Amino acid sequence: MNYYALQVKTNGEEAFISEATRALSFRQREQRFFAPRRRLVIRRQGKKTEELKAVFPGYVFLETPQVDHTLYRLVRGVKGFFRFLKNNHDITPLSGPDLAIISHFQSFGGIAESSKAYFDENDRIVITEGPLQGFEGAIVKVDKRKQRVKLRLDFSQQKFTIDLAFEMIEKAEQRRAG
């Protein structure tokens with residue numbers, strides 16, 4: 001299977017997936033649309049609420065063997081569709097680092113939950129498990145109070161940042177010493 005990236009209306013990823021799936025229901029076994037999401041705890045006016053937000057706002061991914069003329073024509077007609085990446089005349093499957101990033105987030109079931117982390121003796125964050133694992137070098141900012149990490153990703157020749165949640169854990173040595 002190949003993976004393709006589609007640019008769609010930002011914050012309209014779920015609506016696009018629903019409409020595209022309905023438009024292509026006669027061949028539903030041939031393709032699957034998805035948009036990895038992340039769970040964040042948002043604090044507003046002292047109240048905490050959980051929200052699901054897109055990991056890649058404005059992008060939907062398509063898993064299919066190839067983009068044929070029928071698929072292209074039907075997807076292009078769905079409300080909110082802007083273009084395939086690179087462009088509509090050069091539709092190429094994801095590969096290399098782009099494919100690795102998408103596969104990484106898909107391996108967590110489509111929703112990136114909080115990663116588990118602690119801070120070492122030099123006050124650097126150490127990720128022990130979760131979606132942030134393997135992306136330590138891409139962390140540009142850590143907000144301990146909000147328990148969020150700002151991650152800089154390079155996807156489809158564009159750099160952008162996303163916030164992902166982390167959960168503090170104690171190192172085993174600290175628990176034994178205390």
# chains A, B, ... in the order shown; residues from 1 in each chain; ligands from 1

$ residues_around --residues "Glu51 in chain A" --least-positions-apart "5" --cutoff "8 Å" --atoms "only C-alpha atoms" --output "list of chain:residue names"
A:Arg39, A:Leu40, A:Val41, A:Ile42

$ write_last_selection --atoms "N, CA and C atoms" --output "PDB file, in the first residue's frame"
ATOM      1  N   ARG A  39      -4.339  14.132  21.694  1.00  0.00           N
ATOM      2  CA  ARG A  39      -5.189  14.494  22.824  1.00  0.00           C
ATOM      3  C   ARG A  39      -4.417  15.496  23.677  1.00  0.00           C
ATOM      4  N   LEU A  40      -5.042  16.642  23.913  1.00  0.00           N
ATOM      5  CA  LEU A  40      -4.433  17.683  24.739  1.00  0.00           C
ATOM      6  C   LEU A  40      -5.393  18.067  25.856  1.00  0.00           C
ATOM      7  N   VAL A  41      -4.843  18.358  27.021  1.00  0.00           N
ATOM      8  CA  VAL A  41      -5.636  18.906  28.112  1.00  0.00           C
ATOM      9  C   VAL A  41      -5.503  20.415  28.017  1.00  0.00           C
ATOM     10  N   ILE A  42      -6.623  21.080  27.834  1.00  0.00           N
ATOM     11  CA  ILE A  42      -6.663  22.526  27.685  1.00  0.00           C
ATOM     12  C   ILE A  42      -7.221  23.120  28.972  1.00  0.00           C
TER      13      ILE A  42
END

$ closest_residue --among "A:Phe155, A:Tyr118, A:Phe84, A:Phe160" --to "Ala5 in chain A" --atoms "only C-alpha atoms"
A:Phe84

$ residues_around --residues "Leu153 in chain A" --least-positions-apart "6" --cutoff "8 Å" --atoms "only C-alpha atoms" --output "ChimeraX atom specification"
/A:138,159-162

$ atom_distance --atom1 "CA of Phe82 in chain A" --atom2 "CA of Ala23 in chain A"
16.5 Å

$ residues_around --residues "Leu164 in chain A" --least-positions-apart "2" --cutoff "8 Å" --atoms "only C-alpha atoms" --output "ChimeraX atom specification"
/A:38-40,112,114,132,148-151,162,166

$ write_last_selection --atoms "C-alpha atoms" --output "tab-separated table (two decimals), in the first residue's frame"
chain	number	residue	atom	x	y	z
A	38	ARG	CA	-3.53	14.25	19.43
A	39	ARG	CA	-5.19	14.49	22.82
A	40	LEU	CA	-4.43	17.68	24.74
A	112	ALA	CA	-1.39	10.46	20.05
A	114	SER	CA	0.45	11.76	26.40
A	132	LEU	CA	7.31	11.68	21.45
A	148	ARG	CA	3.43	20.19	26.66
A	149	VAL	CA	6.30	19.85	24.28
A	150	LYS	CA	6.65	21.91	21.11
A	151	LEU	CA	8.01	19.69	18.37
A	162	ILE	CA	3.03	21.00	16.92
A	166	PHE	CA	3.63	14.60	28.18

$ select_by_dssp --residues "chain A" --states "strand (DSSP E or B)" --output "ChimeraX atom specification"
/A:2-8,32-34,37-44,47-54,59-64,81-84,86-87,90-91,111-112,115-119,125-129,139-143,148-155,158-168
